[in-house]
Structures are given as structure tokens and as C-alpha cells.
$ cat model_3.cif   # mmCIF, C-alpha atoms
data_start
#
loop_
_atom_site.label_atom_id
_atom_site.label_comp_id
_atom_site.auth_asym_id
_atom_site.auth_seq_id
_atom_site.Cartn_x
_atom_site.Cartn_y
_atom_site.Cartn_z
CA MET E 30 95.28 95.37 132.81
CA LYS E 31 98.76 94.72 131.49
CA LYS E 32 97.69 95.74 128.03
CA ARG E 33 96.53 99.11 129.26
CA ILE E 34 99.90 99.91 130.79
CA MET E 35 101.61 99.06 127.50
CA ALA E 36 99.30 101.26 125.45
CA LEU E 37 101.69 104.15 125.22
CA GLU E 38 100.92 106.17 122.13
CA VAL E 39 104.01 107.06 120.18
CA ASP E 40 103.81 109.25 117.15
CA GLU E 41 106.60 107.93 114.95
CA ASN E 42 107.28 111.28 113.37
CA ASN E 43 107.47 113.00 116.73
CA LEU E 44 109.86 110.39 118.02
CA LYS E 45 112.14 110.76 115.01
CA GLN E 46 112.13 114.53 115.29
CA GLY E 47 112.78 114.43 119.01
CA LEU E 48 115.61 111.94 118.78
CA LEU E 49 117.26 113.56 115.77
CA GLY E 50 116.79 116.96 117.36
CA LEU E 51 118.54 115.78 120.50
CA VAL E 52 121.46 114.36 118.52
CA VAL E 53 121.84 117.53 116.44
CA ALA E 54 121.65 119.65 119.59
CA LEU E 55 124.48 117.63 121.13
CA VAL E 56 126.55 117.96 117.95
CA GLU E 57 125.98 121.74 118.06
CA ILE E 58 127.21 121.85 121.63
CA ILE E 59 130.33 119.88 120.66
CA GLN E 60 130.80 122.18 117.66
CA ASP E 61 130.73 125.17 120.00
CA LEU E 62 133.31 123.56 122.27
CA VAL E 63 135.60 122.72 119.35
CA GLU E 64 135.35 126.28 118.06
CA ARG E 65 136.21 127.67 121.47
CA GLN E 66 139.18 125.33 121.69
CA ALA E 67 140.32 126.41 118.21
CA ILE E 68 140.15 130.08 119.19
CA ARG E 69 142.11 129.36 122.35
CA ARG E 70 144.82 127.70 120.28
CA ILE E 71 144.99 130.62 117.88
CA GLU E 72 145.28 133.01 120.81
CA GLY E 73 148.00 130.83 122.32
CA GLY E 74 149.99 131.08 119.07
CA ARG E 75 150.05 127.32 118.63
CA LEU E 76 148.74 127.31 115.04
CA ASP E 77 150.32 128.75 111.90
CA ASP E 78 148.26 130.58 109.26
CA ASP E 79 147.77 127.48 107.11
CA GLU E 80 146.55 125.41 110.02
CA ILE E 81 144.13 128.15 111.07
CA GLU E 82 142.70 128.35 107.56
CA ARG E 83 142.30 124.57 107.27
CA LEU E 84 140.68 124.30 110.70
CA GLY E 85 138.37 127.18 109.87
CA LYS E 86 137.29 125.54 106.60
CA ALA E 87 136.64 122.21 108.33
CA LEU E 88 134.44 123.97 110.86
CA ILE E 89 132.54 125.77 108.09
CA ASP E 90 131.85 122.38 106.46
CA LEU E 91 130.59 120.99 109.77
CA ASP E 92 128.41 124.03 110.30
CA GLU E 93 126.91 123.77 106.82
CA ALA E 94 126.25 120.04 107.26
CA ILE E 95 124.43 120.64 110.56
CA GLU E 96 122.37 123.47 109.09
CA LYS E 97 121.38 121.24 106.15
CA ILE E 98 120.28 118.40 108.41
CA LYS E 99 118.22 120.87 110.45
CA ARG E 100 116.60 122.39 107.36
CA ASP E 101 115.89 119.07 105.66
CA ASN E 102 114.24 117.59 108.76
CA ASP E 103 112.55 120.73 110.02
CA LEU E 104 114.50 120.55 113.26
CA GLU E 105 115.27 124.22 113.97
CA ASP E 106 112.67 124.59 116.74
CA VAL E 107 113.39 121.22 118.36
CA VAL E 108 117.13 121.90 118.54
CA GLU E 109 116.57 125.37 119.92
CA SER E 110 114.27 124.03 122.61
CA VAL E 111 116.69 121.20 123.59
CA ILE E 112 119.59 123.64 123.90
CA GLY E 113 117.35 126.07 125.80
CA SER E 114 116.32 123.40 128.31
CA LEU E 115 119.90 122.23 128.74
CA ASP E 116 120.90 125.84 129.39
CA ASP E 117 118.26 126.03 132.12
CA VAL E 118 119.45 122.80 133.72
CA ALA E 119 123.05 124.03 133.66
CA ASP E 120 122.04 127.41 135.09
CA ASP E 121 120.18 125.69 137.86
CA LEU E 122 123.08 123.42 138.71
CA LEU E 123 125.61 126.25 138.70
CA ASN E 124 123.29 128.33 140.82
CA LYS E 125 123.02 125.55 143.39
CA PHE E 126 126.77 125.15 143.36
CA PHE E 127 127.57 128.84 143.78
CA ASN E 128 124.59 129.87 145.94
CA PRO E 129 124.02 127.01 148.35
CA GLU E 130 121.54 129.18 150.31
CA SER E 131 119.00 129.13 147.48
CA TRP E 132 119.27 125.37 147.38
CA ALA E 133 118.67 125.13 151.11
CA GLU E 134 115.57 127.29 150.70
CA GLU E 135 114.24 124.96 148.03
CA VAL E 136 114.79 121.92 150.18
CA GLU E 137 113.00 123.59 153.07
CA LYS E 138 109.98 124.31 150.89
CA ILE E 139 109.62 120.63 150.10
CA MET O 12 83.81 103.99 148.64
CA SER O 13 80.80 106.02 147.64
CA GLU O 14 80.44 107.26 144.06
CA THR O 15 79.45 110.79 145.02
CA ALA O 16 82.23 113.27 145.75
CA LYS O 17 82.61 114.65 149.23
CA GLU O 18 81.61 118.18 150.07
CA GLY O 19 84.26 120.84 149.44
CA ARG O 20 85.04 124.55 149.48
CA TYR O 21 86.91 126.17 146.63
CA ILE O 22 89.14 128.87 148.13
CA TYR O 23 90.09 132.12 146.39
CA SER O 24 91.83 134.11 149.10
CA ILE O 25 92.09 135.10 152.75
CA VAL O 26 90.92 138.61 153.63
CA SER O 27 90.73 140.97 156.61
CA SER O 28 87.04 140.91 157.47
CA GLY O 29 85.01 139.66 160.38
CA LEU O 30 81.72 139.64 158.51
CA GLU O 31 80.20 136.63 156.77
CA SER O 32 79.15 138.55 153.69
CA ASP O 33 78.01 137.32 150.32
CA LEU O 34 79.79 138.58 147.19
CA GLY O 35 77.15 137.28 144.77
CA ASP O 36 77.30 134.80 141.87
CA VAL O 37 80.70 136.03 140.73
CA GLY O 38 82.79 132.87 141.09
CA ILE O 39 83.85 130.10 138.75
CA GLU O 40 80.88 129.03 136.59
CA GLU O 41 78.83 131.70 138.39
CA SER O 42 79.20 130.06 141.77
CA ARG O 43 77.98 132.03 144.75
CA VAL O 44 81.02 133.45 146.52
CA ARG O 45 80.90 134.08 150.25
CA LEU O 46 83.08 134.74 153.25
CA VAL O 47 83.68 132.17 155.99
CA SER O 48 85.12 134.07 158.91
CA CYS O 49 87.08 133.40 162.05
CA GLY O 50 87.53 136.47 164.26
CA ASP O 51 88.68 139.33 162.06
CA ILE O 52 89.89 137.23 159.11
CA ALA O 53 87.89 135.29 156.54
CA ALA O 54 88.28 132.88 153.66
CA VAL O 55 86.63 133.76 150.34
CA VAL O 56 85.04 130.53 149.10
CA HIS O 57 82.33 128.87 147.08
CA SER O 58 80.71 125.51 147.82
CA CYS O 59 81.52 122.67 145.43
CA PRO O 60 82.22 118.94 145.38
CA ALA O 61 85.70 118.11 146.70
CA GLU O 62 87.05 117.48 143.24
CA PRO O 63 89.50 119.57 141.24
CA TYR O 64 88.34 121.59 138.25
CA VAL O 65 89.71 119.70 135.27
CA THR O 66 88.97 120.14 131.59
CA LYS O 67 90.63 119.44 128.26
CA ASP O 68 88.99 122.52 126.81
CA ASP O 69 91.64 125.26 126.92
CA GLU O 70 89.11 128.04 126.48
CA ARG O 71 87.09 126.82 129.42
CA ALA O 72 90.21 126.51 131.59
CA LYS O 73 91.20 130.05 130.64
CA GLU O 74 87.77 131.27 131.65
CA TRP O 75 88.03 129.53 135.02
CA VAL O 76 91.38 131.15 135.71
CA LEU O 77 90.01 134.56 134.73
CA GLU O 78 87.01 134.07 136.99
CA HIS O 79 89.37 133.06 139.81
CA SER O 80 91.40 136.26 139.30
CA TYR O 81 88.24 138.34 139.09
CA VAL O 82 87.13 137.20 142.55
CA ILE O 83 90.59 137.96 143.95
CA ASP O 84 90.44 141.48 142.47
CA LEU O 85 86.93 142.01 143.77
CA ALA O 86 87.93 140.90 147.27
CA THR O 87 90.98 143.20 147.14
CA GLU O 88 88.73 146.11 146.21
CA ARG O 89 86.40 145.38 149.11
CA PHE O 90 88.74 144.30 151.89
CA GLY O 91 92.21 145.59 151.01
CA THR O 92 95.19 143.43 150.07
CA VAL O 93 94.34 139.72 150.26
CA LEU O 94 96.36 136.53 150.58
CA PRO O 95 95.67 135.00 147.17
CA PHE O 96 95.45 131.28 146.50
CA SER O 97 96.40 129.86 143.16
CA PHE O 98 93.72 128.37 140.93
CA ASP O 99 92.08 125.09 141.96
CA VAL O 100 92.72 124.84 145.70
CA ILE O 101 89.80 123.01 147.29
CA PHE O 102 89.27 122.18 150.95
CA ILE O 103 87.66 118.87 151.72
CA GLY O 104 84.81 119.57 154.10
CA ASP O 105 82.22 122.22 154.90
CA ASP O 106 82.31 125.78 156.30
CA GLU O 107 83.23 124.41 159.71
CA SER O 108 86.34 122.69 158.32
CA VAL O 109 87.42 125.96 156.70
CA ARG O 110 86.77 127.83 159.93
CA GLY O 111 88.78 125.23 161.86
CA TRP O 112 91.69 125.68 159.46
CA LEU O 113 91.50 129.47 159.81
CA GLU O 114 91.50 129.12 163.58
CA GLU O 115 94.42 126.73 163.59
CA ASN O 116 96.50 129.02 161.36
CA TYR O 117 95.14 132.32 162.64
CA ASP O 118 98.49 133.77 163.82
CA LEU O 119 100.25 132.92 160.58
CA LEU O 120 97.45 134.24 158.36
CA LYS O 121 96.93 137.38 160.42
CA GLY O 122 100.68 138.05 160.33
CA GLU O 123 100.76 137.63 156.55
CA LEU O 124 97.76 139.93 156.12
CA GLU O 125 99.54 142.59 158.20
CA ARG O 126 102.70 142.16 156.13
CA VAL O 127 100.93 142.83 152.83
CA LYS O 128 98.49 145.44 154.18
CA ASP O 129 98.43 148.67 152.13
CA ARG O 130 100.81 147.09 149.65
CA ALA O 131 100.47 145.42 146.28
CA GLU O 132 102.63 143.37 143.98
CA TYR O 133 104.12 144.97 140.89
CA SER O 134 106.11 143.39 138.16
CA VAL O 135 109.11 145.13 136.59
CA GLN O 136 110.97 143.85 133.58
CA ILE O 137 113.87 145.49 131.83
CA PHE O 138 114.43 144.85 128.13
CA CYS O 139 117.38 145.81 125.96
CA ASP O 140 117.90 146.18 122.27
CA GLU O 141 120.63 143.59 121.74
CA GLY O 142 121.91 145.16 118.52
CA LYS O 143 122.35 148.59 120.10
CA LEU O 144 124.00 147.11 123.17
CA ASN O 145 126.42 145.10 120.98
CA GLU O 146 127.40 148.25 119.10
CA LYS O 147 128.00 150.01 122.40
CA ILE O 148 130.29 147.19 123.52
CA VAL O 149 132.33 147.27 120.30
CA ALA O 150 132.51 151.08 120.38
CA ALA O 151 134.01 150.93 123.87
CA ASP O 152 136.73 148.39 122.99
CA PRO O 153 139.49 149.24 120.44
CA GLU O 154 140.59 145.57 120.29
CA LEU O 155 137.14 144.48 119.11
CA GLN O 156 137.12 147.28 116.52
CA ARG O 157 140.48 146.13 115.14
CA LEU O 158 139.29 142.54 115.07
CA ARG O 159 136.12 143.44 113.20
CA ALA O 160 137.93 145.64 110.69
CA GLY O 161 140.45 142.89 109.91
CA ILE O 162 138.02 140.06 109.18
CA GLY O 163 137.05 141.33 105.73
CA ASP O 164 140.58 140.81 104.33
CA MET O 165 141.10 137.30 105.73
CA PRO O 166 140.75 134.04 103.78
CA LYS O 167 137.44 132.23 104.26
CA GLY O 168 138.37 129.68 106.97
CA THR O 169 140.39 132.15 108.99
CA ALA O 170 137.65 134.77 108.74
CA TYR O 171 135.15 132.21 110.07
CA LEU O 172 137.23 131.55 113.17
CA TYR O 173 137.96 135.22 113.86
CA GLN O 174 134.28 136.05 113.39
CA LYS O 175 133.51 133.40 116.03
CA LYS O 176 136.09 134.98 118.29
CA LEU O 177 134.53 138.42 117.80
CA ASP O 178 131.04 137.01 118.49
CA GLN O 179 132.29 135.36 121.69
CA LYS O 180 133.95 138.53 122.95
CA ILE O 181 130.81 140.56 122.23
CA LYS O 182 128.70 137.96 124.01
CA GLU O 183 130.94 138.09 127.06
CA GLY O 184 130.66 141.88 127.04
CA LEU O 185 126.90 141.60 126.67
CA LEU O 186 126.63 139.30 129.69
CA GLU O 187 128.73 141.67 131.79
CA GLU O 188 126.76 144.69 130.68
CA THR O 189 123.34 143.11 131.27
CA ALA O 190 124.42 141.82 134.69
CA ARG O 191 125.52 145.33 135.56
CA LEU O 192 122.22 146.82 134.35
CA ALA O 193 120.20 144.24 136.28
CA LYS O 194 122.15 144.86 139.47
CA GLU O 195 121.85 148.62 139.15
CA LEU O 196 118.11 148.49 138.51
CA GLY O 197 117.57 145.95 141.32
CA ALA O 198 119.34 148.23 143.79
CA LYS O 199 117.25 151.24 142.75
CA ILE O 200 113.98 149.32 143.02
CA ASP O 201 115.05 147.92 146.37
CA GLU O 202 115.14 151.44 147.79
CA LEU O 203 111.46 151.97 147.01
CA ALA O 204 109.97 148.50 147.48
CA ASP O 205 109.39 146.62 150.73
CA GLU O 206 110.52 143.36 149.22
CA VAL O 207 112.02 142.44 145.86
CA LYS O 208 112.29 139.06 144.22
CA ILE O 209 114.23 138.22 141.11
CA GLU O 210 112.10 136.23 138.70
CA LYS O 211 114.04 133.59 136.82
CA LYS O 212 111.31 132.87 134.32
CA VAL O 213 108.69 135.04 132.76
CA SER O 214 106.18 132.98 130.87
CA TRP O 215 104.67 135.68 128.72
CA VAL O 216 105.67 139.06 127.33
CA PRO O 217 103.65 141.32 125.03
CA ASP O 218 104.53 141.41 121.32
CA LYS O 219 106.04 144.85 121.73
CA TYR O 220 108.99 143.28 123.56
CA LYS O 221 109.28 140.05 121.55
CA ASP O 222 112.35 141.11 119.58
CA LYS O 223 114.13 142.48 122.62
CA MET O 224 116.29 140.74 125.14
CA MET O 225 115.02 140.54 128.70
CA VAL O 226 117.79 141.57 131.04
CA ALA O 227 116.03 141.11 134.36
CA ALA O 228 112.60 140.61 135.87
CA PHE O 229 111.54 141.52 139.38
CA SER O 230 108.44 141.09 141.48
CA CYS O 231 108.14 143.85 144.05
CA LEU O 232 105.94 144.32 147.08
CA VAL O 233 105.31 148.06 147.15
CA ARG O 234 103.44 150.29 149.57
CA HIS O 235 100.58 152.17 147.90
CA ASP O 236 102.31 155.43 148.92
CA ASP O 237 105.53 154.51 147.12
CA VAL O 238 104.07 153.40 143.79
CA GLU O 239 104.20 156.83 142.20
CA ALA O 240 107.87 157.28 143.06
CA LEU O 241 108.64 153.83 141.64
CA GLY O 242 106.74 154.71 138.46
CA ASP O 243 108.76 157.94 138.09
CA LEU O 244 112.04 156.09 138.59
CA LEU O 245 111.18 153.48 135.98
CA GLU O 246 110.06 156.15 133.52
CA GLU O 247 113.49 157.76 133.80
CA ILE O 248 115.22 154.46 133.07
CA ASP O 249 112.84 153.78 130.19
CA LYS O 250 114.00 156.99 128.53
CA GLU O 251 117.57 155.70 128.27
CA GLU O 252 118.40 154.73 124.74
CA GLU O 253 119.15 151.02 124.95
CA SER O 254 116.70 149.91 127.62
CA SER O 255 112.95 149.82 127.97
CA ILE O 256 110.92 148.96 131.03
CA ARG O 257 107.68 147.06 131.40
CA PHE O 258 105.93 147.96 134.63
CA SER O 259 102.65 146.26 135.51
CA GLY O 260 100.34 145.94 138.47
CA PRO O 261 98.87 146.24 141.00
CA TRP O 262 98.47 142.49 141.46
CA ALA O 263 97.52 140.44 144.48
CA PRO O 264 100.79 139.49 146.23
CA PHE O 265 101.11 136.01 144.70
CA SER O 266 104.92 136.07 144.78
CA PHE O 267 105.16 137.14 148.40
CA VAL O 268 102.64 134.94 150.16
CA GLN O 269 103.54 131.31 150.77
CA LEU O 270 100.65 129.35 152.15
CA LYS O 271 102.39 126.02 151.69
CA GLY O 272 102.67 123.54 154.51
CA THR O 273 99.86 125.02 156.57
CA GLY O 274 97.96 121.77 156.72
CA ARG O 275 95.30 122.12 154.07
#
$ encode --input "model_3.cif" --output "C-alpha cells"
Amino acid sequence: MKKRIMALEVDENNLKQGLLGLVVALVEIIQDLVERQAIRRIEGGRLDDDEIERLGKALIDLDEAIEKIKRDNDLEDVVESVIGSLDDVADDLLNKFFNPESWAEEVEKI
Amino acid sequence: MSETAKEGRYIYSIVSSGLESDLGDVGIEESRVRLVSCGDIAAVVHSCPAEPYVTKDDERAKEWVLEHSYVIDLATERFGTVLPFSFDVIFIGDDESVRGWLEENYDLLKGELERVKDRAEYSVQIFCDEGKLNEKIVAADPELQRLRAGIGDMPKGTAYLYQKKLDQKIKEGLLEETARLAKELGAKIDELADEVKIEKKVSWVPDKYKDKMMVAAFSCLVRHDDVEALGDLLEEIDKEEESSIRFSGPWAPFSFVQLKGTGR
């Protein structure tokens, strides 16, 4: 019986894609946050022209590196789907936070 | 425990009819579909073992679901708007068990049948051309125009960051604009429909709309008398340059009938 429970089929390629996809998706989210922070600093006048240019170039390098990893490992779809699902989870959470009534309805249904 | 499955009744819908009629071999896998009544309401069922319909064959599953929908449509045609069940709901027991359940829940079921009487469900989705909408947002904002015009002369790294800033601003504008469109359309539909629900997810859209952005999706319970007016309203909106409307139905009122927790 024990053996049967352990017999979980794992496709090695799938696992690699899923895991790498998740990591790249997280890096993309961080990249987005860093870019937003950079723009906020430019708007706040806290960076001079040289600093802006250097920061911009560093972010281009990061972007190109991520795109290359995605291309080389055929990860475009996986990453898109991870970010899509995370968006849904976040939407759901925010909705529960800002519209407690809809949450109450859901609980009632259960 | 015995090896043979217990007796069951696959249930398609609840209808307004006091007669125990036979609809013929029109059910899933050509099952004979009949009415089991209680007073002036009845359940549309076929007899089967009390086991769910399960298959790994996608084509076969698709066929079952189509057959399920066909019986719901047929019952709607015969008896008026029905209370539809989703695919694969099976009562354990015989006709008497179904009748007992109908009796026990008569007030609820009768009330629901009255609520959907002479009405049908329609689905409305509004799509926008993202490119056109983006242009509209830039055209309305001199700051965004200045930003866009300046990017070309900037050094590479700086241009990258300002392009990101422009994209962000346009995206914020897009969110505001689509929220406004969705609210406006929702309010207009609300005037003509009995009930409106906002659909968070739409699992399938035709190819025609694949490259467009869905702004909002609604399920509406509409009186038969109001459908034409709703159609006219949506046609007007569809004519507007940046939006197009997908209007479909009539469907059985799946989104408006909740038969959960009634003790199946």
C-alpha cells in the first residue's frame, strides 16, 4: 500500500520548467517593482542625469538577461501563466479586503 | 457492500408542469428522459445507476455535456424557463426519492420558477481595442504627449526608464477608462434587466475577439419583453469606435438559480 502512495509520477522536464518558470516570474515581479521605484526617484528629483542613465542601462541588462533565459528554456507561457494566476490571487485578496460583503456571501455559500 | 451500484436519477432541470410526460430517448447516451412531478412542478430526469458520468475521453465528455444542454433547451421550449442543473447531478434513489425531494423543497423551487418565469439569461461582454484606447488616452493628456515626444532624443538607459514611465501612465489611464466604460455599460444594462451579475471570469471567447481586451462581462436575467430593447441598446454601443459588444443568449438561467444546500 505504501508503495502506491509514493508512486507520484513526476515528469522531470515539467518540473524543471515549472520551477524555473516560477523563479523567473518572481524575478519579473521584482524587476517591475525596481523599475517603479526608479521612476519614483526620478520624479522626486533624487537622481542626476548620470545616475538615471546608469540605472536605466542596468535595468536594460536585467531585462535582456531575463528574456534570454525565457527564450532559451521555452518559458514564455509558463511565466505568463504564473503571473496571471498571481494576479488573480491578488485581485481576490484585494476584493475581499475592500468588499467584505462579497466575502461574507462566499462564506455563506459554503 | 454490494458490487452493483444503487439506483439513481440523473437530473437535468426543474420545470413548471404537473404532468408525468415522456420526452423520448433524448438524454445522455440516448437515455429516456421523463418528468417526475409533484403538484405543478416536476423534475426532468433519466434513470441510471447512482454513479457519476466519468470518462477520460474528452470527446465523449463534450458529447455528454451537449446532450445535457439539449435536454435543458428542449424542456425550456416545452415548459417555459426551467431551473437548470449543472452536468452530472445524480439523485440516489428512485422516482419516489425525487418526488420526496421536490415535496420537501416545493416552496423554494416554486418561488425560483416564478422568479425566472418569462425571463432568460443573456450574456453581455464588452471588448475594446487596446491600441485605439491607448491613443485616445495619450491624445487627451498633453503631459503624456510631451513625454513621448522627448524619449527619442534621450540616451539609451534614460529612454528605457522614461518609456517605462510612459507605459505605466498609459496603463493607469487604461484602467481608469475601462472601469468607467464598465460602470457606464453596467448601469445601462441594469435599467433593462431584472438582475445583473458581473462575471469575473469568462472561460471562452470566439476568435473574433481574441486580440481585443475584455473590459467587462455581465450575465443578465432579462424579461422576454425587454430583450429587443436591450439588443438595440447594445447595438448602439457596438457602433462606437473603440468598443465592440458580444451579446449571446437566450440561455437557461444558470447564473441566477442556486440550488445548493437544498439537501440533495
$ closest_atom_pairs --input "model_3.cif" --of "chain E" --to "chain O" --cutoff "9 Å" --atoms "all atoms listed in the file" --output "CSV"
residue,atom,partner,partner_atom,distance
E:Glu64,CA,O:Leu172,CA,7.4
E:Arg65,CA,O:Lys176,CA,8.0
E:Ala67,CA,O:Leu172,CA,7.8
E:Ile68,CA,O:Lys176,CA,6.4
E:Asp78,CA,O:Thr169,CA,8.0
E:Asp79,CA,O:Thr169,CA,8.9
E:Ile81,CA,O:Thr169,CA,5.9
E:Glu82,CA,O:Gly168,CA,4.6
E:Arg83,CA,O:Gly168,CA,6.5
E:Leu84,CA,O:Gly168,CA,6.9
E:Gly85,CA,O:Gly168,CA,3.8
E:Lys86,CA,O:Gly168,CA,4.3
E:Ala87,CA,O:Gly168,CA,7.8
E:Leu88,CA,O:Gly168,CA,7.9
E:Ile89,CA,O:Gly168,CA,7.1
E:Lys138,CA,O:Lys271,CA,7.8
E:Ile139,CA,O:Gly272,CA,8.7
$ write_last_selection --input "model_3.cif" --atoms "C-alpha atoms" --output "JSON list (two decimals), in the coordinates of the input"
[["chain", "number", "residue", "atom", "x", "y", "z"],
["E", 64, "GLU", "CA", 135.35, 126.28, 118.06],
["E", 65, "ARG", "CA", 136.21, 127.67, 121.47],
["E", 67, "ALA", "CA", 140.32, 126.41, 118.21],
["E", 68, "ILE", "CA", 140.15, 130.08, 119.19],
["E", 78, "ASP", "CA", 148.26, 130.58, 109.26],
["E", 79, "ASP", "CA", 147.77, 127.48, 107.11],
["E", 81, "ILE", "CA", 144.13, 128.15, 111.07],
["E", 82, "GLU", "CA", 142.70, 128.35, 107.56],
["E", 83, "ARG", "CA", 142.30, 124.57, 107.27],
["E", 84, "LEU", "CA", 140.68, 124.30, 110.70],
["E", 85, "GLY", "CA", 138.37, 127.18, 109.87],
["E", 86, "LYS", "CA", 137.29, 125.54, 106.60],
["E", 87, "ALA", "CA", 136.64, 122.21, 108.33],
["E", 88, "LEU", "CA", 134.44, 123.97, 110.86],
["E", 89, "ILE", "CA", 132.54, 125.77, 108.09],
["E", 138, "LYS", "CA", 109.98, 124.31, 150.89],
["E", 139, "ILE", "CA", 109.62, 120.63, 150.10]]
$ residues_around --input "model_3.cif" --residues "Ile112 of chain E" --least-positions-apart "2" --cutoff "9 Å" --atoms "only C-alpha atoms" --output "number ranges by chain"
E: 51, 54-55, 57-58, 107-110, 114-117
$ resolve_selection --input "model_3.cif" --expression "the PyMOL selection byres ((chain O and resi 233-245) around 6)" --output "MDAnalysis selection string"
chainID O and resid 129:131 204:205 231:232 246:248
$ atom_distance --input "model_3.cif" --atom1 "atom CA of Ile103 of chain O" --atom2 "atom CA of Lys17 of chain O"
7.0 Å
$ atom_distance --input "model_3.cif" --atom1 "atom CA of Ser48 of chain O" --atom2 "atom CA of Phe267 of chain O"
22.8 Å
$ closest_residue --input "model_3.cif" --among "E:Arg75, E:Phe127, E:Gly50, E:Asp92" --to "Asp106 of chain E" --atoms "all atoms listed in the file"
E:Gly50
$ residues_around --input "model_3.cif" --residues "Phe138 of chain O" --least-positions-apart "5" --cutoff "8 Å" --atoms "only C-alpha atoms" --output "PDB file with C-alpha atoms, keeping the file's coordinate frame"
ATOM      1  CA  TYR O 220     108.990 143.280 123.560  1.00  0.00           C
ATOM      2  CA  LYS O 223     114.130 142.480 122.620  1.00  0.00           C
ATOM      3  CA  MET O 224     116.290 140.740 125.140  1.00  0.00           C
ATOM      4  CA  MET O 225     115.020 140.540 128.700  1.00  0.00           C
ATOM      5  CA  VAL O 226     117.790 141.570 131.040  1.00  0.00           C
ATOM      6  CA  ALA O 227     116.030 141.110 134.360  1.00  0.00           C
ATOM      7  CA  SER O 254     116.700 149.910 127.620  1.00  0.00           C
ATOM      8  CA  SER O 255     112.950 149.820 127.970  1.00  0.00           C
ATOM      9  CA  ILE O 256     110.920 148.960 131.030  1.00  0.00           C
ATOM     10  CA  ARG O 257     107.680 147.060 131.400  1.00  0.00           C
TER      11      ARG O 257
END
$ residues_around --input "model_3.cif" --residues "Glu96 of chain E" --least-positions-apart "2" --cutoff "12 Å" --atoms "all atoms listed in the file" --output "number ranges by chain"
E: 50, 53-54, 56-57, 89-94, 98-105, 108
$ closest_residue --input "model_3.cif" --among "O:Glu146, O:Phe98, O:Leu155, O:Gly122" --to "Phe265 of chain O" --atoms "only C-alpha atoms"
O:Phe98
$ atom_distance --input "model_3.cif" --atom1 "atom CA of Val216 of chain O" --atom2 "atom CA of Ser80 of chain O"
18.8 Å
$ decode --input "model_3.cif" --residues "segment 117-128 of chain E" --atoms "N, CA, C and O atoms" --output "PDB file, in the first residue's frame"
ATOM      1  N   ASP E 117      -4.594  36.970 -10.246  1.00  0.00           N
ATOM      2  CA  ASP E 117      -5.934  36.566  -9.810  1.00  0.00           C
ATOM      3  C   ASP E 117      -6.013  36.463  -8.298  1.00  0.00           C
ATOM      4  O   ASP E 117      -6.964  36.916  -7.680  1.00  0.00           O
ATOM      5  N   VAL E 118      -4.969  35.840  -7.697  1.00  0.00           N
ATOM      6  CA  VAL E 118      -4.951  35.690  -6.247  1.00  0.00           C
ATOM      7  C   VAL E 118      -4.960  37.066  -5.583  1.00  0.00           C
ATOM      8  O   VAL E 118      -5.715  37.327  -4.639  1.00  0.00           O
ATOM      9  N   ALA E 119      -4.131  37.971  -6.114  1.00  0.00           N
ATOM     10  CA  ALA E 119      -4.050  39.317  -5.545  1.00  0.00           C
ATOM     11  C   ALA E 119      -5.385  40.047  -5.694  1.00  0.00           C
ATOM     12  O   ALA E 119      -5.864  40.687  -4.756  1.00  0.00           O
ATOM     13  N   ASP E 120      -5.991  39.921  -6.878  1.00  0.00           N
ATOM     14  CA  ASP E 120      -7.302  40.543  -7.113  1.00  0.00           C
ATOM     15  C   ASP E 120      -8.314  40.077  -6.091  1.00  0.00           C
ATOM     16  O   ASP E 120      -9.062  40.854  -5.518  1.00  0.00           O
ATOM     17  N   ASP E 121      -8.305  38.765  -5.893  1.00  0.00           N
ATOM     18  CA  ASP E 121      -9.246  38.141  -4.980  1.00  0.00           C
ATOM     19  C   ASP E 121      -9.064  38.656  -3.559  1.00  0.00           C
ATOM     20  O   ASP E 121     -10.028  38.995  -2.884  1.00  0.00           O
ATOM     21  N   LEU E 122      -7.795  38.709  -3.148  1.00  0.00           N
ATOM     22  CA  LEU E 122      -7.487  39.178  -1.797  1.00  0.00           C
ATOM     23  C   LEU E 122      -7.914  40.630  -1.605  1.00  0.00           C
ATOM     24  O   LEU E 122      -8.539  40.978  -0.612  1.00  0.00           O
ATOM     25  N   LEU E 123      -7.564  41.466  -2.600  1.00  0.00           N
ATOM     26  CA  LEU E 123      -7.910  42.885  -2.502  1.00  0.00           C
ATOM     27  C   LEU E 123      -9.420  43.059  -2.471  1.00  0.00           C
ATOM     28  O   LEU E 123      -9.952  43.870  -1.730  1.00  0.00           O
ATOM     29  N   ASN E 124     -10.084  42.237  -3.293  1.00  0.00           N
ATOM     30  CA  ASN E 124     -11.538  42.319  -3.347  1.00  0.00           C
ATOM     31  C   ASN E 124     -12.148  41.983  -1.987  1.00  0.00           C
ATOM     32  O   ASN E 124     -13.053  42.656  -1.507  1.00  0.00           O
ATOM     33  N   LYS E 125     -11.606  40.951  -1.342  1.00  0.00           N
ATOM     34  CA  LYS E 125     -12.117  40.565  -0.028  1.00  0.00           C
ATOM     35  C   LYS E 125     -11.855  41.672   0.991  1.00  0.00           C
ATOM     36  O   LYS E 125     -12.644  41.933   1.881  1.00  0.00           O
ATOM     37  N   PHE E 126     -10.706  42.306   0.823  1.00  0.00           N
ATOM     38  CA  PHE E 126     -10.328  43.357   1.763  1.00  0.00           C
ATOM     39  C   PHE E 126     -11.231  44.578   1.601  1.00  0.00           C
ATOM     40  O   PHE E 126     -11.696  45.160   2.575  1.00  0.00           O
ATOM     41  N   PHE E 127     -11.473  44.953   0.328  1.00  0.00           N
ATOM     42  CA  PHE E 127     -12.228  46.190   0.098  1.00  0.00           C
ATOM     43  C   PHE E 127     -13.740  45.972   0.019  1.00  0.00           C
ATOM     44  O   PHE E 127     -14.508  46.896   0.217  1.00  0.00           O
ATOM     45  N   ASN E 128     -14.171  44.759  -0.320  1.00  0.00           N
ATOM     46  CA  ASN E 128     -15.615  44.470  -0.353  1.00  0.00           C
ATOM     47  C   ASN E 128     -15.936  43.300   0.568  1.00  0.00           C
ATOM     48  O   ASN E 128     -16.180  42.197   0.101  1.00  0.00           O
TER      49      ASN E 128
END
